[in-house]
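Written below as structure tokens is the structure these notes are about.
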Amino acid sequence: FATGQLAGRHVVITAGPTREAIDPVRYLSNHSSGKMGYALAEAAVEAGARVTLISGPTGLPTPERVTRIDVTSALEMLEASLAQAPQCDLFIGAAAVADYRPADYQPQKMKKGDEDTLQIALTKNPDIIAAVAQIENRPITIGFAAESEQLLEYARGKRERKGLDAIIANDISREGLGFNSDDNAVTLIDAERELALGPMSKTRLARALIAELSRYTR
Ligand code: PMT
């Protein structure tokens with residue numbers, strides 16, 4: 001892996017989960033640790049890029065020479081992404097964005113009621129990576145697809161629907177891989193080919209992915 005493949009290029013990466021507030025003390029979220037996105041940020045720095053990491057809440061330290069923008073919700077991640085996307089060459093959506101948020105945020109802590117069940121209405125969040133892929137002079141736009149079944153088929157569909165240059169299909173059905181683990185296995189899918197990578201550490205996988213993605217040109 002030669003360094004310098006991304007010299008002079010600006011890479012923006014989203015990482016981690018989003019949190020969707022129900023009330024001031026409660027939220028909906030998922031098990032993303034941010035490790036995959038942070039490893040990609042490190043690998044992009046090693047390859048010579050200027051890197052901006054748009055991060056949901058994680059317990060991870062900011063990698064060296066990376067500019068980090070902290071966000072909490074999907075709407076905040078969308079705003080930061082649309083602000084950064086026009087100024088970057090490569091945009092990678094590794095974040096596990098919540099597909100839905102509570103329809104009505106309760107400004108006071110919700111009280112426990114007498115009923116045994118509680119229903120919370122949800123509303124769909126905007127699709128961040130699809131929005132980035134639609135801007136004028138778009139960057140090379142890469143998504144992930146976390147799937148627990150029919151991995152390649154669902155991932156191909158997501159790549160087309162979201163208008164992405166490539167999608168990284170992430171099998172999350174296998175123990176010890178994917179969400180909140182140190183290792184991962186993926187298939188990089190673009191219009192021409194499908195390349196299986198791993199299982200290997202997220203650090204090594206990120207280097208292999210950055211080497212592949214740095215070959216794409218607009
Ligand atoms: O963070 P780790 O613990 O290291 O785990 C890594 C990971 C499994 C979270 C990561 O490798 C991964 O697969 N990220 C994508 C998770 C996901 O939400 O996938 P999805 O299939 O639901 O979304 C598809 C793509 O659309 C993703 O690029 C996602 O960032 C994007 N998306 C989804 C919903 C939404 N509202 N906006 C989006 O931009």
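Please note that chains go A, B, ... in the order of the structure tokens, that every chain numbers its residues from 1, and that ligands are numbered from 1 in the order shown.
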
Could the residues that lie within 6 Å of ligand 1, counting only C-alpha atoms and all ligand atoms, be listed as a CSV table (one decimal) with C-alpha atoms, in the first residue's frame?
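What landed in result14.csv:
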chain,number,residue,atom,x,y,z
A,16,GLY,CA,-20.7,6.1,14.7
A,32,SER,CA,-22.3,1.3,16.2
A,33,SER,CA,-19.0,2.0,18.0
A,34,GLY,CA,-17.5,4.3,15.3
A,35,LYS,CA,-14.5,2.0,14.9
A,36,MET,CA,-14.9,1.4,11.2
A,93,GLY,CA,-20.9,7.3,4.9
A,94,ALA,CA,-19.8,4.7,7.5
A,95,ALA,CA,-22.2,6.0,10.1
A,96,ALA,CA,-25.2,3.9,11.3
A,97,VAL,CA,-27.8,6.7,10.9
A,98,ALA,CA,-31.1,6.0,12.6
A,99,ASP,CA,-33.7,5.6,9.9
A,125,ASN,CA,-35.1,10.7,8.9
A,126,PRO,CA,-33.7,12.1,5.6
A,127,ASP,CA,-31.2,9.9,3.9
A,128,ILE,CA,-27.8,11.7,4.3
A,129,ILE,CA,-25.7,9.7,1.8
A,143,GLY,CA,-22.0,4.2,1.3
A,144,PHE,CA,-22.1,1.2,3.5
A,145,ALA,CA,-24.9,-1.3,3.6
A,146,ALA,CA,-25.3,-3.2,6.9
A,170,ASN,CA,-21.2,-5.3,5.5
A,178,GLY,CA,-19.5,-5.6,11.9
A,179,PHE,CA,-21.1,-3.5,14.7
A,180,ASN,CA,-19.0,-2.8,17.8
A,181,SER,CA,-16.2,-5.3,17.0

**Prompt:** If you run DSSP on the backbone, which residues of range 51-85 of chain A are helix (DSSP H, G or I), as a PyMOL selection string?
**Reply:** chain A and resi 74-85

Same residues, C-alpha atoms, saved as an mmCIF file, in the first residue's frame:
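The resulting file, again_38.cif, is reproduced below:
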data_model
loop_
_atom_site.group_PDB
_atom_site.id
_atom_site.type_symbol
_atom_site.label_atom_id
_atom_site.label_comp_id
_atom_site.auth_asym_id
_atom_site.auth_seq_id
_atom_site.Cartn_x
_atom_site.Cartn_y
_atom_site.Cartn_z
ATOM 1 C CA ALA A 74 -29.346 12.344 12.096
ATOM 2 C CA LEU A 75 -30.597 15.870 11.333
ATOM 3 C CA GLU A 76 -27.370 17.338 12.760
ATOM 4 C CA MET A 77 -25.312 14.809 10.774
ATOM 5 C CA LEU A 78 -27.203 15.806 7.618
ATOM 6 C CA GLU A 79 -26.492 19.504 8.198
ATOM 7 C CA ALA A 80 -22.762 18.922 8.825
ATOM 8 C CA SER A 81 -22.537 16.569 5.825
ATOM 9 C CA LEU A 82 -24.182 19.015 3.423
ATOM 10 C CA ALA A 83 -21.863 21.765 4.677
ATOM 11 C CA GLN A 84 -18.741 19.631 4.056
ATOM 12 C CA ALA A 85 -19.718 17.706 0.914
#

**Prompt:** Can you list, as number ranges by chain, every residue of range 17-184 of chain A that DSSP puts in strand (DSSP E or B)?
**Reply:** A: 17, 20-23, 26-28, 50-55, 66-70, 90-93, 96, 100-102, 122-124, 140-147, 166-171, 177, 183-184

With N, CA and C atoms retained, export the selected residues as a tab-separated table (two decimals), in the first residue's frame.
chain	number	residue	atom	x	y	z
A	17	PRO	N	-22.90	6.02	15.67
A	17	PRO	CA	-24.37	5.99	15.64
A	17	PRO	C	-24.94	7.41	15.64
A	20	GLU	N	-31.45	9.69	18.67
A	20	GLU	CA	-32.68	10.40	18.35
A	20	GLU	C	-33.46	10.59	19.64
A	21	ALA	N	-33.52	11.83	20.09
A	21	ALA	CA	-34.06	12.12	21.42
A	21	ALA	C	-35.56	11.88	21.50
A	22	ILE	N	-35.97	11.22	22.58
A	22	ILE	CA	-37.39	11.03	22.89
A	22	ILE	C	-37.84	12.15	23.83
A	23	ASP	N	-37.01	12.36	24.86
A	23	ASP	CA	-37.23	13.45	25.82
A	23	ASP	C	-35.83	13.85	26.32
A	26	ARG	N	-33.90	10.45	27.33
A	26	ARG	CA	-34.00	9.17	26.63
A	26	ARG	C	-33.82	9.36	25.12
A	27	TYR	N	-33.28	8.29	24.50
A	27	TYR	CA	-33.09	8.37	23.05
A	27	TYR	C	-33.16	6.98	22.42
A	28	LEU	N	-33.31	6.96	21.08
A	28	LEU	CA	-33.20	5.74	20.27
A	28	LEU	C	-31.84	5.77	19.60
A	50	ARG	N	-6.43	15.22	3.44
A	50	ARG	CA	-6.95	16.05	4.51
A	50	ARG	C	-8.28	15.42	4.88
A	51	VAL	N	-8.49	15.14	6.17
A	51	VAL	CA	-9.65	14.33	6.56
A	51	VAL	C	-10.54	15.05	7.57
A	52	THR	N	-11.83	15.05	7.28
A	52	THR	CA	-12.84	15.55	8.22
A	52	THR	C	-13.72	14.38	8.61
A	53	LEU	N	-13.87	14.19	9.92
A	53	LEU	CA	-14.68	13.09	10.44
A	53	LEU	C	-15.93	13.70	11.08
A	54	ILE	N	-17.08	13.33	10.56
A	54	ILE	CA	-18.34	13.79	11.16
A	54	ILE	C	-18.82	12.63	12.02
A	55	SER	N	-18.77	12.84	13.34
A	55	SER	CA	-18.93	11.70	14.25
A	55	SER	C	-20.15	11.82	15.14
A	66	VAL	N	-6.77	14.58	12.15
A	66	VAL	CA	-8.14	14.52	11.63
A	66	VAL	C	-8.95	15.66	12.26
A	67	THR	N	-9.72	16.37	11.45
A	67	THR	CA	-10.64	17.38	11.97
A	67	THR	C	-11.95	16.69	12.27
A	68	ARG	N	-12.39	16.81	13.54
A	68	ARG	CA	-13.60	16.07	13.93
A	68	ARG	C	-14.75	17.04	14.21
A	69	ILE	N	-15.89	16.74	13.64
A	69	ILE	CA	-17.11	17.52	13.90
A	69	ILE	C	-18.06	16.59	14.64
A	70	ASP	N	-18.42	16.94	15.86
A	70	ASP	CA	-19.30	16.08	16.66
A	70	ASP	C	-20.77	16.44	16.41
A	90	LEU	N	-13.95	13.05	-1.81
A	90	LEU	CA	-14.43	11.69	-1.52
A	90	LEU	C	-15.24	11.76	-0.23
A	91	PHE	N	-16.48	11.25	-0.26
A	91	PHE	CA	-17.36	11.25	0.91
A	91	PHE	C	-17.74	9.80	1.22
A	92	ILE	N	-17.44	9.35	2.44
A	92	ILE	CA	-17.73	7.96	2.81
A	92	ILE	C	-18.72	7.94	3.98
A	93	GLY	N	-19.86	7.32	3.80
A	93	GLY	CA	-20.88	7.25	4.86
A	93	GLY	C	-20.77	5.93	5.61
A	96	ALA	N	-23.89	4.66	11.21
A	96	ALA	CA	-25.16	3.94	11.31
A	96	ALA	C	-26.22	4.97	11.69
A	100	TYR	N	-35.24	6.32	11.68
A	100	TYR	CA	-36.41	7.04	12.21
A	100	TYR	C	-36.05	7.82	13.47
A	101	ARG	N	-36.81	8.86	13.74
A	101	ARG	CA	-36.69	9.61	15.01
A	101	ARG	C	-38.09	9.78	15.60
A	102	PRO	N	-38.18	9.97	16.91
A	102	PRO	CA	-39.49	10.21	17.50
A	102	PRO	C	-40.18	11.40	16.83
A	122	LEU	N	-42.92	7.35	15.23
A	122	LEU	CA	-41.63	7.69	14.64
A	122	LEU	C	-41.83	8.32	13.27
A	123	THR	N	-40.89	9.17	12.90
A	123	THR	CA	-40.94	9.76	11.57
A	123	THR	C	-39.60	9.48	10.89
A	124	LYS	N	-39.63	9.32	9.57
A	124	LYS	CA	-38.43	8.93	8.84
A	124	LYS	C	-37.40	10.05	8.83
A	140	ILE	N	-17.01	11.98	-5.04
A	140	ILE	CA	-17.17	10.53	-5.18
A	140	ILE	C	-17.87	10.08	-3.90
A	141	THR	N	-18.99	9.41	-4.04
A	141	THR	CA	-19.85	9.16	-2.87
A	141	THR	C	-19.98	7.66	-2.63
A	142	ILE	N	-19.55	7.26	-1.42
A	142	ILE	CA	-19.48	5.84	-1.08
A	142	ILE	C	-20.33	5.58	0.16
A	143	GLY	N	-21.20	4.58	0.11
A	143	GLY	CA	-21.99	4.23	1.28
A	143	GLY	C	-21.59	2.86	1.82
A	144	PHE	N	-22.12	2.54	2.96
A	144	PHE	CA	-22.05	1.18	3.51
A	144	PHE	C	-23.47	0.60	3.42
A	145	ALA	N	-23.57	-0.71	3.44
A	145	ALA	CA	-24.89	-1.34	3.58
A	145	ALA	C	-24.73	-2.42	4.64
A	146	ALA	N	-25.32	-2.21	5.79
A	146	ALA	CA	-25.26	-3.21	6.87
A	146	ALA	C	-26.48	-4.11	6.70
A	147	GLU	N	-26.24	-5.39	6.41
A	147	GLU	CA	-27.33	-6.30	6.13
A	147	GLU	C	-27.16	-7.58	6.94
A	166	ALA	N	-20.11	3.68	-5.20
A	166	ALA	CA	-19.86	2.32	-4.71
A	166	ALA	C	-20.52	2.15	-3.36
A	167	ILE	N	-20.76	0.89	-3.00
A	167	ILE	CA	-21.29	0.60	-1.67
A	167	ILE	C	-20.46	-0.52	-1.06
A	168	ILE	N	-20.27	-0.44	0.24
A	168	ILE	CA	-19.47	-1.44	0.95
A	168	ILE	C	-20.46	-2.30	1.73
A	169	ALA	N	-20.69	-3.53	1.22
A	169	ALA	CA	-21.68	-4.41	1.82
A	169	ALA	C	-21.08	-5.06	3.07
A	170	ASN	N	-21.77	-4.86	4.18
A	170	ASN	CA	-21.24	-5.28	5.48
A	170	ASN	C	-22.17	-6.34	6.08
A	171	ASP	N	-21.69	-7.58	6.10
A	171	ASP	CA	-22.47	-8.68	6.66
A	171	ASP	C	-22.48	-8.55	8.19
A	177	LEU	N	-18.06	-9.76	13.94
A	177	LEU	CA	-17.80	-8.88	12.79
A	177	LEU	C	-18.87	-7.80	12.74
A	183	ASP	N	-13.01	-6.52	14.23
A	183	ASP	CA	-12.81	-7.10	12.90
A	183	ASP	C	-14.03	-6.88	12.02
A	184	ASN	N	-13.80	-7.03	10.72
A	184	ASN	CA	-14.93	-6.85	9.81
A	184	ASN	C	-14.65	-7.58	8.49

**Complete:** CA of Leu60 in chain A to CA of Arg207 in chain A measures 18.7 Å

**Message:** Give me, as an MDAnalysis selection string, all polymer residues having an atom no more than 12 Å from Thr203 in chain A, counting only C-alpha atoms and skipping those fewer than 3 positions away in the same chain.
**Reply:** chainID A and resid 35:44 46 181:185 198:200 206:210

**Message:** Can you pull out the residues contacting range 6-8 of chain A? Cut-off 6 Å, using only C-alpha atoms, and skip same-chain residues under 5 positions away; I want them as a ChimeraX atom specification.
**Reply:** /A:47-49

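Look at Val25 in chain A: the protein and nucleic acid residues within 12 Å of it, using only C-alpha atoms and passing over chain neighbours fewer than 4 places away, are A:Arg19, A:Glu20, A:Ala21, A:Tyr105, A:Gln106, A:Pro107, A:Gln108, A:Lys109, A:Met110, A:Lys111.
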